[in-house]
file final17.csv (CSV, C-alpha atoms)
chain,number,residue,atom,x,y,z
R,289,MET,CA,192.7,38.8,-47.0
R,290,ARG,CA,196.1,37.2,-47.1
R,291,VAL,CA,196.7,35.9,-43.6
R,292,PHE,CA,199.9,34.5,-42.1
R,293,VAL,CA,199.2,32.1,-39.2
R,294,THR,CA,201.8,30.7,-36.8
R,295,GLY,CA,201.2,27.8,-34.6
R,296,ALA,CA,199.0,26.4,-37.4
R,297,THR,CA,199.4,22.8,-36.3
R,298,GLY,CA,198.4,23.5,-32.7
R,299,PHE,CA,194.9,23.1,-31.3
R,300,LEU,CA,193.6,26.6,-31.9
R,301,GLY,CA,195.9,27.4,-34.8
R,302,GLY,CA,194.8,24.4,-36.7
R,303,GLU,CA,191.1,25.2,-36.2
R,304,LEU,CA,191.7,28.8,-37.1
R,305,THR,CA,193.6,27.9,-40.3
R,306,ARG,CA,190.7,25.7,-41.5
R,307,ALA,CA,188.1,28.4,-40.6
R,308,LEU,CA,190.0,31.1,-42.4
R,309,VAL,CA,190.2,29.0,-45.6
R,310,ALA,CA,186.5,28.2,-45.3
R,311,ARG,CA,185.8,32.0,-45.1
R,312,GLY,CA,187.7,32.5,-48.4
R,313,HIS,CA,190.9,34.0,-47.0
R,314,GLU,CA,194.3,33.1,-48.5
R,315,VAL,CA,196.4,31.5,-45.7
R,316,LEU,CA,200.1,30.9,-45.3
R,317,ALA,CA,200.6,28.7,-42.3
R,318,LEU,CA,203.8,28.1,-40.3
R,319,ALA,CA,204.3,24.5,-39.1
R,320,ARG,CA,207.1,23.4,-36.8
R,321,THR,CA,207.3,19.7,-38.0
R,322,THR,CA,206.8,18.0,-41.3
R,323,GLU,CA,204.5,15.4,-39.6
R,324,GLY,CA,202.2,18.1,-38.3
R,325,MET,CA,202.4,20.0,-41.5
R,326,ALA,CA,201.2,17.0,-43.6
R,327,ARG,CA,198.4,16.2,-41.2
R,328,HIS,CA,197.0,19.7,-41.1
R,329,ALA,CA,197.5,20.4,-44.8
R,330,ALA,CA,195.2,17.5,-45.5
R,331,LEU,CA,192.6,19.1,-43.1
R,332,ALA,CA,193.0,22.5,-44.7
R,333,PRO,CA,193.7,21.9,-48.4
R,334,GLY,CA,193.3,25.5,-49.3
R,335,ALA,CA,196.2,26.7,-47.1
R,336,THR,CA,199.8,26.8,-48.0
R,337,PHE,CA,202.1,25.4,-45.3
R,338,ILE,CA,205.8,26.1,-44.7
R,339,GLN,CA,208.0,24.4,-42.2
R,340,GLY,CA,209.9,26.5,-39.7
R,341,ASP,CA,210.5,27.5,-36.2
R,342,LEU,CA,209.1,30.8,-34.8
R,343,PHE,CA,212.5,31.3,-33.1
R,344,SER,CA,214.4,31.0,-36.4
R,345,PRO,CA,213.4,33.9,-38.6
R,346,GLN,CA,215.5,32.5,-41.4
R,347,ASP,CA,213.0,29.7,-41.7
R,348,TRP,CA,210.0,31.9,-42.5
R,349,ARG,CA,211.2,35.4,-43.4
R,350,SER,CA,211.6,34.9,-47.1
R,351,GLY,CA,208.2,33.1,-47.4
R,352,LEU,CA,206.6,35.9,-45.5
R,353,ALA,CA,208.1,38.5,-47.8
R,354,ARG,CA,206.9,36.7,-50.9
R,355,PHE,CA,203.4,36.2,-49.4
R,356,ARG,CA,203.0,39.9,-48.5
R,357,PRO,CA,200.3,39.3,-45.8
R,358,ASP,CA,197.5,41.6,-45.1
R,359,ALA,CA,197.3,40.2,-41.6
R,360,LEU,CA,199.2,38.1,-39.0
R,361,ILE,CA,197.5,35.8,-36.5
R,362,HIS,CA,200.1,34.6,-34.1
R,363,CYS,CA,199.0,31.4,-32.3
R,364,GLY,CA,202.5,29.9,-31.9
R,365,TRP,CA,204.1,29.7,-28.4
R,366,ARG,CA,206.9,27.7,-26.8
R,367,GLY,CA,206.2,26.1,-23.4
R,368,VAL,CA,202.5,25.8,-22.6
R,369,VAL,CA,202.3,22.7,-20.4
R,370,GLY,CA,203.0,22.1,-16.7
R,371,ALA,CA,206.4,23.1,-15.4
R,372,GLU,CA,207.3,24.7,-18.7
R,373,ARG,CA,205.0,27.6,-17.6
R,374,ASN,CA,207.6,28.8,-15.1
R,375,ASP,CA,210.7,28.1,-17.2
R,376,LEU,CA,212.8,31.1,-17.9
R,377,ALA,CA,212.7,30.2,-21.5
R,378,GLN,CA,209.1,31.6,-21.5
R,379,LEU,CA,210.6,35.1,-21.7
R,380,GLU,CA,212.2,34.3,-25.1
R,381,ASN,CA,208.6,34.2,-26.5
R,382,ILE,CA,208.3,37.9,-26.0
R,383,ALA,CA,211.2,38.9,-28.3
R,384,ALA,CA,210.4,36.2,-30.9
R,385,SER,CA,206.8,37.3,-31.1
R,386,ALA,CA,207.7,41.0,-31.4
R,387,ARG,CA,210.2,40.3,-34.1
R,388,LEU,CA,207.5,38.3,-36.0
R,389,ALA,CA,205.0,41.2,-35.7
R,390,GLU,CA,207.6,43.7,-36.9
R,391,ALA,CA,208.5,41.5,-39.8
R,392,ALA,CA,204.9,41.0,-40.8
R,393,ILE,CA,204.3,44.8,-40.7
R,394,GLU,CA,207.4,45.4,-42.8
R,395,CYS,CA,206.0,43.0,-45.4
R,396,GLY,CA,202.7,44.8,-45.6
R,397,ALA,CA,200.4,43.6,-42.8
R,398,GLN,CA,197.9,46.1,-41.6
R,399,VAL,CA,196.5,43.9,-38.8
R,400,VAL,CA,198.6,42.0,-36.2
R,401,ILE,CA,196.7,39.6,-33.9
R,402,GLY,CA,198.1,37.7,-31.0
R,403,VAL,CA,196.6,34.9,-28.9
R,404,GLY,CA,196.7,35.7,-25.2
R,405,SER,CA,195.5,33.8,-22.1
R,406,GLN,CA,193.4,33.9,-19.0
R,407,ALA,CA,196.8,33.4,-17.2
R,408,GLU,CA,197.4,37.2,-17.7
R,409,TYR,CA,194.7,37.9,-15.1
R,410,GLY,CA,196.5,35.8,-12.5
R,411,ALA,CA,195.3,33.2,-10.0
R,412,ARG,CA,192.3,35.3,-8.8
R,413,SER,CA,188.7,34.3,-8.7
R,414,GLY,CA,185.9,36.2,-10.3
R,415,ALA,CA,184.6,37.6,-13.6
R,416,PHE,CA,187.3,39.4,-15.6
R,417,GLY,CA,186.9,42.1,-18.1
R,418,GLU,CA,189.7,43.6,-20.3
R,419,THR,CA,190.2,46.6,-18.0
R,420,ASP,CA,190.5,44.6,-14.8
R,421,PRO,CA,194.0,44.3,-13.2
R,422,THR,CA,196.4,41.9,-14.7
R,423,THR,CA,198.5,40.1,-12.1
R,424,PRO,CA,200.0,37.0,-13.7
R,425,GLU,CA,201.6,34.5,-11.3
R,426,THR,CA,203.4,32.3,-13.8
R,427,LEU,CA,206.2,33.2,-16.3
R,428,TYR,CA,203.8,32.0,-19.0
R,429,GLY,CA,201.2,34.7,-17.9
R,430,VAL,CA,203.9,37.3,-17.5
R,431,SER,CA,205.3,36.6,-21.0
R,432,LYS,CA,201.8,36.6,-22.6
R,433,LEU,CA,201.0,39.9,-21.0
R,434,ALA,CA,204.3,41.5,-22.0
R,435,THR,CA,203.8,40.2,-25.6
R,436,SER,CA,200.4,41.9,-25.7
R,437,GLY,CA,202.1,45.2,-24.8
R,438,ALA,CA,204.6,44.7,-27.5
R,439,PHE,CA,201.9,44.0,-30.1
R,440,LEU,CA,199.8,47.0,-29.2
R,441,THR,CA,202.9,49.3,-29.1
R,442,LEU,CA,204.1,48.1,-32.5
R,443,GLY,CA,200.7,48.7,-33.8
R,444,ALA,CA,200.7,52.3,-32.5
R,445,ILE,CA,204.2,52.9,-33.8
R,446,HIS,CA,203.4,51.7,-37.3
R,447,GLY,CA,199.8,52.8,-37.5
R,448,VAL,CA,198.3,49.4,-38.0
R,449,ARG,CA,195.6,47.6,-36.1
R,450,ALA,CA,196.9,45.5,-33.2
R,451,ILE,CA,194.6,43.0,-31.4
R,452,TRP,CA,195.2,40.7,-28.5
R,453,GLY,CA,192.6,38.0,-27.8
R,454,ARG,CA,192.7,36.4,-24.4
R,455,VAL,CA,191.3,32.8,-24.6
R,456,PHE,CA,189.8,30.9,-21.7
R,457,SER,CA,189.9,27.2,-21.1
R,458,LEU,CA,189.7,25.8,-24.7
R,459,TYR,CA,188.3,22.4,-25.4
R,460,GLY,CA,187.0,20.5,-28.4
R,461,PRO,CA,187.8,17.8,-31.0
R,462,GLY,CA,191.5,17.3,-31.6
R,463,ASN,CA,192.8,18.4,-28.1
R,464,ASP,CA,194.6,15.3,-26.8
R,465,GLY,CA,196.8,17.2,-24.3
R,466,PRO,CA,197.0,17.1,-20.5
R,467,TRP,CA,194.1,19.5,-20.0
R,468,LEU,CA,191.0,18.8,-18.0
R,469,VAL,CA,188.4,17.8,-20.6
R,470,PRO,CA,190.6,15.4,-22.7
R,471,SER,CA,192.1,13.9,-19.5
R,472,LEU,CA,188.6,13.2,-18.1
R,473,ILE,CA,187.5,11.6,-21.5
R,474,ARG,CA,190.5,9.4,-21.6
R,475,ALA,CA,190.2,8.2,-18.0
R,476,LEU,CA,186.4,7.6,-18.3
R,477,SER,CA,186.9,5.7,-21.5
R,478,LYS,CA,189.5,3.4,-19.9
R,479,GLY,CA,187.4,2.8,-16.8
R,480,GLN,CA,190.0,4.4,-14.6
R,481,GLN,CA,189.2,5.7,-11.2
R,482,LEU,CA,188.6,9.5,-11.2
R,483,ASP,CA,190.3,11.1,-8.1
R,484,LEU,CA,189.3,14.7,-8.2
R,485,THR,CA,189.0,17.7,-6.0
R,486,ARG,CA,185.5,18.5,-4.6
R,487,CYS,CA,185.0,20.3,-8.0
R,488,GLU,CA,183.1,23.2,-6.5
R,489,GLN,CA,184.6,25.7,-9.0
R,490,ILE,CA,182.6,27.8,-11.4
R,491,TRP,CA,184.5,27.4,-14.7
R,492,GLU,CA,184.7,28.7,-18.3
R,493,PHE,CA,184.7,26.1,-21.1
R,494,THR,CA,185.2,27.6,-24.5
R,495,HIS,CA,184.8,25.5,-27.6
R,496,VAL,CA,187.8,25.8,-30.0
R,497,ARG,CA,185.5,26.5,-33.0
R,498,ASP,CA,183.8,29.4,-31.2
R,499,ALA,CA,187.2,30.8,-30.3
R,500,ALA,CA,188.4,30.5,-33.9
R,501,GLN,CA,185.3,32.4,-35.1
R,502,GLY,CA,185.9,35.0,-32.5
R,503,PHE,CA,189.4,35.7,-33.9
R,504,ILE,CA,188.0,35.8,-37.4
R,505,ALA,CA,185.4,38.3,-36.3
R,506,LEU,CA,188.2,40.5,-34.8
R,507,LEU,CA,190.2,40.2,-38.1
R,508,GLU,CA,187.3,41.2,-40.3
R,509,THR,CA,186.0,44.1,-38.1
R,510,PRO,CA,187.9,47.2,-39.2
R,511,GLN,CA,187.1,49.0,-35.9
R,512,ALA,CA,188.4,46.2,-33.7
R,513,HIS,CA,191.7,46.9,-31.9
R,514,GLY,CA,193.2,46.4,-28.5
R,515,VAL,CA,192.5,43.6,-26.0
R,516,PHE,CA,189.5,41.3,-26.1
R,517,ASN,CA,188.4,38.3,-24.1
R,518,VAL,CA,187.6,35.4,-26.3
R,519,ALA,CA,185.5,32.9,-24.3
R,520,SER,CA,182.1,31.4,-23.8
R,521,GLY,CA,181.0,34.0,-21.2
R,522,ALA,CA,178.8,31.2,-19.7
R,523,PRO,CA,180.7,29.5,-16.9
R,524,ALA,CA,179.4,26.3,-15.5
R,525,PRO,CA,179.8,24.4,-12.2
R,526,LEU,CA,182.7,22.2,-12.6
R,527,ARG,CA,181.1,19.2,-10.9
R,528,ASP,CA,178.2,19.4,-13.3
R,529,ALA,CA,180.6,19.4,-16.2
R,530,VAL,CA,182.4,16.3,-14.9
R,531,LEU,CA,179.1,14.5,-14.4
R,532,LEU,CA,177.9,15.5,-17.9
R,533,LEU,CA,181.0,13.9,-19.4
R,534,ARG,CA,180.5,10.9,-17.1
R,535,ASP,CA,177.0,10.4,-18.3
R,536,MET,CA,178.1,10.5,-22.0
R,537,ILE,CA,180.8,7.9,-21.5
R,538,ASP,CA,180.1,5.6,-18.5
R,539,ARG,CA,177.1,6.2,-16.3
R,540,ASN,CA,178.4,3.6,-13.9
R,541,ALA,CA,181.6,5.6,-13.1
R,542,ARG,CA,181.7,7.1,-9.7
R,543,PRO,CA,184.1,10.1,-9.6
R,544,ASN,CA,185.9,10.3,-6.3
R,545,PHE,CA,185.1,14.0,-5.5
R,546,GLY,CA,187.3,15.3,-2.7
R,547,ALA,CA,190.1,12.8,-3.1
R,548,ILE,CA,192.5,15.5,-4.1
R,549,PRO,CA,192.9,18.7,-2.0
R,550,TYR,CA,192.6,22.1,-3.6
R,551,ARG,CA,195.9,23.8,-4.3
R,552,PRO,CA,196.7,26.9,-2.1
R,553,ASP,CA,196.2,29.1,-5.2
R,554,GLN,CA,193.1,27.3,-6.5
R,555,VAL,CA,190.9,29.6,-8.6
R,556,MET,CA,187.3,28.9,-7.6
R,557,HIS,CA,185.5,31.1,-10.1
R,558,LEU,CA,186.8,31.7,-13.6
R,559,GLU,CA,184.5,33.8,-15.8
R,560,ALA,CA,185.2,36.0,-18.8
R,561,LYS,CA,183.3,39.1,-19.5
R,562,ILE,CA,182.8,39.2,-23.3
R,563,ASP,CA,180.7,42.3,-23.7
R,564,ARG,CA,183.5,44.1,-25.5
R,565,ILE,CA,184.0,41.6,-28.4
R,566,ARG,CA,180.2,41.3,-28.7
R,567,ALA,CA,179.7,45.0,-29.0
R,568,VAL,CA,182.6,45.7,-31.4
R,569,THR,CA,182.2,42.7,-33.7
R,570,GLY,CA,178.8,41.2,-33.2
R,571,TRP,CA,180.3,37.8,-32.5
R,572,SER,CA,178.9,35.5,-29.8
R,573,PRO,CA,179.7,31.9,-29.0
R,574,ARG,CA,177.2,29.4,-30.3
R,575,ILE,CA,178.2,26.0,-29.0
R,576,GLY,CA,176.7,25.1,-25.6
R,577,LEU,CA,178.4,22.7,-23.2
R,578,MET,CA,176.2,19.7,-24.0
R,579,GLU,CA,176.7,20.0,-27.8
R,580,GLY,CA,180.4,20.7,-27.4
R,581,PHE,CA,181.1,17.8,-25.1
R,582,GLU,CA,179.1,15.4,-27.3
R,583,GLU,CA,181.1,16.5,-30.3
R,584,THR,CA,184.4,16.1,-28.4
R,585,VAL,CA,183.6,12.7,-27.1
R,586,ALA,CA,182.4,11.5,-30.5
R,587,ALA,CA,185.7,12.7,-32.0
R,588,PHE,CA,187.7,10.9,-29.4
R,589,ARG,CA,185.9,7.7,-30.1
R,590,ARG,CA,186.5,8.1,-33.9
R,591,GLU,CA,190.2,8.7,-33.3
R,592,ARG,CA,190.5,5.6,-31.0
R,593,MET,CA,188.8,3.4,-33.6
R,594,ALA,CA,191.0,4.6,-36.3
R,595,ALA,CA,194.2,4.1,-34.3

call {"tool": "encode", "arguments": {"input": "final17.csv", "output": "structure tokens"}}
result
Amino acid sequence: MRVFVTGATGFLGGELTRALVARGHEVLALARTTEGMARHAALAPGATFIQGDLFSPQDWRSGLARFRPDALIHCGWRGVVGAERNDLAQLENIAASARLAEAAIECGAQVVIGVGSQAEYGARSGAFGETDPTTPETLYGVSKLATSGAFLTLGAIHGVRAIWGRVFSLYGPGNDGPWLVPSLIRALSKGQQLDLTRCEQIWEFTHVRDAAQGFIALLETPQAHGVFNVASGAPAPLRDAVLLLRDMIDRNARPNFGAIPYRPDQVMHLEAKIDRIRAVTGWSPRIGLMEGFEETVAAFRRERMAA
């Protein structure tokens, strides 16, 4: 298939672009910066990259029209970190994403796929399936949920497949952001004191490569449409995960469990039900926590040596 990918220099988008090329798909990838475009083009030499901003259709509309995609996979999003998640600018993602999906369909796409989030379920504890209530408590979650509705509605209007994949707690090589796993790896590698909550949570950890393969399975399965959780489906005790990373990096480190109080809205059990994606596509995650953490730590060490 000819697949147009946005957010192609992001964590999931970059992995997905490489995986699509490896599967033999023809990929046109949208990159926001020339620096990111050059780096990711070297990692996915079979993809064609164009520079542009999701919020500036003039940057990508002509390239999209020439490419005539069979499918869109929309990974791009503005405002994913910290306080940005409650910025009113989050709401602008809804219209920008809907315009993108509409343009892709006008250019021939028969499948439009968007990347959603666990945030759509809200700050509740438990195991969540696609039919469970969605009560987002951040503008990020609200905007993701609204965009899912826009994608599914546009799909119904135009008679094309529309898919929304909600991802849970991604980690893996290449993620150097402020998230839990890379933050723990950086702190342990520098010998810094780890002040943590009691870490009694049960938590999802989804390897980015598994998530990318999940989206490809949704793309390539003709009967797949609607909302799907894309996750490991195998939550682990958070304290065990912290100690597993500790043992890989510095066995002498002594995490200070309980130094930080839980937030009033702390989620204590995050688990994704993935029965639906398994039943529809046959996909299942393959990378266990031990293997995934080892790979992630090794990649961090390689990047540090190369710096």

call {"tool": "closest_residue", "arguments": {"input": "final17.csv", "among": "R:Ala567, R:Leu352, R:Cys363, R:Ala560", "to": "Phe337 (chain R)", "atoms": "all atoms listed in the file"}}
result
R:Leu352

call {"tool": "residues_around", "arguments": {"input": "final17.csv", "residues": "Arg534 (chain R)", "least_positions_apart": "4", "cutoff": "10 Å", "atoms": "all atoms listed in the file", "output": "number ranges by chain"}}
result
R: 472-473, 476-477, 528-530, 538-543

call {"tool": "write_last_selection", "arguments": {"input": "final17.csv", "atoms": "C-alpha atoms", "output": "PDB file, keeping the file's coordinate frame"}}
result
ATOM      1  CA  LEU R 472     188.600  13.200 -18.100  1.00  0.00           C
ATOM      2  CA  ILE R 473     187.500  11.600 -21.500  1.00  0.00           C
ATOM      3  CA  LEU R 476     186.400   7.600 -18.300  1.00  0.00           C
ATOM      4  CA  SER R 477     186.900   5.700 -21.500  1.00  0.00           C
ATOM      5  CA  ASP R 528     178.200  19.400 -13.300  1.00  0.00           C
ATOM      6  CA  ALA R 529     180.600  19.400 -16.200  1.00  0.00           C
ATOM      7  CA  VAL R 530     182.400  16.300 -14.900  1.00  0.00           C
ATOM      8  CA  ASP R 538     180.100   5.600 -18.500  1.00  0.00           C
ATOM      9  CA  ARG R 539     177.100   6.200 -16.300  1.00  0.00           C
ATOM     10  CA  ASN R 540     178.400   3.600 -13.900  1.00  0.00           C
ATOM     11  CA  ALA R 541     181.600   5.600 -13.100  1.00  0.00           C
ATOM     12  CA  ARG R 542     181.700   7.100  -9.700  1.00  0.00           C
ATOM     13  CA  PRO R 543     184.100  10.100  -9.600  1.00  0.00           C
TER      14      PRO R 543
END

call {"tool": "residues_around", "arguments": {"input": "final17.csv", "residues": "Ala317 (chain R)", "least_positions_apart": "4", "cutoff": "9 Å", "atoms": "all atoms listed in the file", "output": "list of chain:residue names"}}
result
R:Val291, R:Phe292, R:Val293, R:Thr294, R:Gly295, R:Ala296, R:Thr297, R:Gly301, R:Thr305, R:Met325, R:Ala335, R:Thr336, R:Phe337, R:Ile338, R:Gln339

call {"tool": "closest_residue", "arguments": {"input": "final17.csv", "among": "R:Arg354, R:Lys478, R:Arg387, R:His313", "to": "Leu342 (chain R)", "atoms": "only C-alpha atoms"}}
result
R:Arg387

call {"tool": "residues_around", "arguments": {"input": "final17.csv", "residues": "Gly462 (chain R)", "least_positions_apart": "6", "cutoff": "10 Å", "atoms": "all atoms listed in the file", "output": "list in words"}}
result
Gly298, Phe299, Leu300, Gly302, Glu303, Pro470, Val496, Thr584, Ala587, Phe588 and Glu591 of chain R

call {"tool": "write_last_selection", "arguments": {"input": "final17.csv", "atoms": "C-alpha atoms", "output": "PDB file, in the frame of the given file"}}
result
ATOM      1  CA  GLY R 298     198.400  23.500 -32.700  1.00  0.00           C
ATOM      2  CA  PHE R 299     194.900  23.100 -31.300  1.00  0.00           C
ATOM      3  CA  LEU R 300     193.600  26.600 -31.900  1.00  0.00           C
ATOM      4  CA  GLY R 302     194.800  24.400 -36.700  1.00  0.00           C
ATOM      5  CA  GLU R 303     191.100  25.200 -36.200  1.00  0.00           C
ATOM      6  CA  PRO R 470     190.600  15.400 -22.700  1.00  0.00           C
ATOM      7  CA  VAL R 496     187.800  25.800 -30.000  1.00  0.00           C
ATOM      8  CA  THR R 584     184.400  16.100 -28.400  1.00  0.00           C
ATOM      9  CA  ALA R 587     185.700  12.700 -32.000  1.00  0.00           C
ATOM     10  CA  PHE R 588     187.700  10.900 -29.400  1.00  0.00           C
ATOM     11  CA  GLU R 591     190.200   8.700 -33.300  1.00  0.00           C
TER      12      GLU R 591
END

call {"tool": "atom_distance", "arguments": {"input": "final17.csv", "atom1": "CA of Ala392 (chain R)", "atom2": "CA of Leu427 (chain R)"}}
result
25.7 Å

call {"tool": "closest_residue", "arguments": {"input": "final17.csv", "among": "R:Asn463, R:Gln398, R:Ser431, R:Gln378", "to": "Val585 (chain R)", "atoms": "only C-alpha atoms"}}
result
R:Asn463

call {"tool": "atom_distance", "arguments": {"input": "final17.csv", "atom1": "CA of Glu408 (chain R)", "atom2": "CA of Gly340 (chain R)"}}
result
27.5 Å

call {"tool": "residues_around", "arguments": {"input": "final17.csv", "residues": "Ala519 (chain R)", "least_positions_apart": "2", "cutoff": "12 Å", "atoms": "all atoms listed in the file", "output": "VMD selection string"}}
result
chain R and resid 404 to 406 415 to 417 453 to 459 491 to 503 516 to 517 521 to 523 558 to 566 571 to 576

call {"tool": "atom_distance", "arguments": {"input": "final17.csv", "atom1": "CA of His513 (chain R)", "atom2": "CA of Glu380 (chain R)"}}
result
25.0 Å

call {"tool": "closest_residue", "arguments": {"input": "final17.csv", "among": "R:Ala450, R:Leu577, R:Val369, R:Leu379", "to": "Ala438 (chain R)", "atoms": "only C-alpha atoms"}}
result
R:Ala450

call {"tool": "residues_near_point", "arguments": {"input": "final17.csv", "point": "(187.7, 14.4, -4.4)", "cutoff": "12 Å", "atoms": "only C-alpha atoms", "output": "list in words"}}
result
Gln481, Leu482, Asp483, Leu484, Thr485, Arg486, Cys487, Glu488, Arg527, Val530, Arg542, Pro543, Asn544, Phe545, Gly546, Ala547, Ile548, Pro549 and Tyr550 of chain R

call {"tool": "closest_residue", "arguments": {"input": "final17.csv", "among": "R:Ala407, R:Leu442, R:Ala505, R:Ala586", "to": "Leu308 (chain R)", "atoms": "all atoms listed in the file"}}
result
R:Ala505

call {"tool": "residues_around", "arguments": {"input": "final17.csv", "residues": "region 447-449 of chain R", "least_positions_apart": "6", "cutoff": "9 Å", "atoms": "only C-alpha atoms", "output": "list in words"}}
result
Ile393, Ala397, Gln398, Val399, Val400, Ile401, Leu440, Pro510, Gln511, Ala512, His513 and Gly514 of chain R

call {"tool": "write_last_selection", "arguments": {"input": "final17.csv", "atoms": "C-alpha atoms", "output": "short mmCIF file (atom, residue, chain, number, x, y, z; two decimals), keeping the file's coordinate frame"}}
result
data_model
loop_
_atom_site.label_atom_id
_atom_site.label_comp_id
_atom_site.auth_asym_id
_atom_site.auth_seq_id
_atom_site.Cartn_x
_atom_site.Cartn_y
_atom_site.Cartn_z
CA ILE R 393 204.30 44.80 -40.70
CA ALA R 397 200.40 43.60 -42.80
CA GLN R 398 197.90 46.10 -41.60
CA VAL R 399 196.50 43.90 -38.80
CA VAL R 400 198.60 42.00 -36.20
CA ILE R 401 196.70 39.60 -33.90
CA LEU R 440 199.80 47.00 -29.20
CA PRO R 510 187.90 47.20 -39.20
CA GLN R 511 187.10 49.00 -35.90
CA ALA R 512 188.40 46.20 -33.70
CA HIS R 513 191.70 46.90 -31.90
CA GLY R 514 193.20 46.40 -28.50
#

call {"tool": "closest_residue", "arguments": {"input": "final17.csv", "among": "R:Thr569, R:Ala377, R:Phe355, R:Ala384", "to": "Asp341 (chain R)", "atoms": "only C-alpha atoms"}}
result
R:Ala384
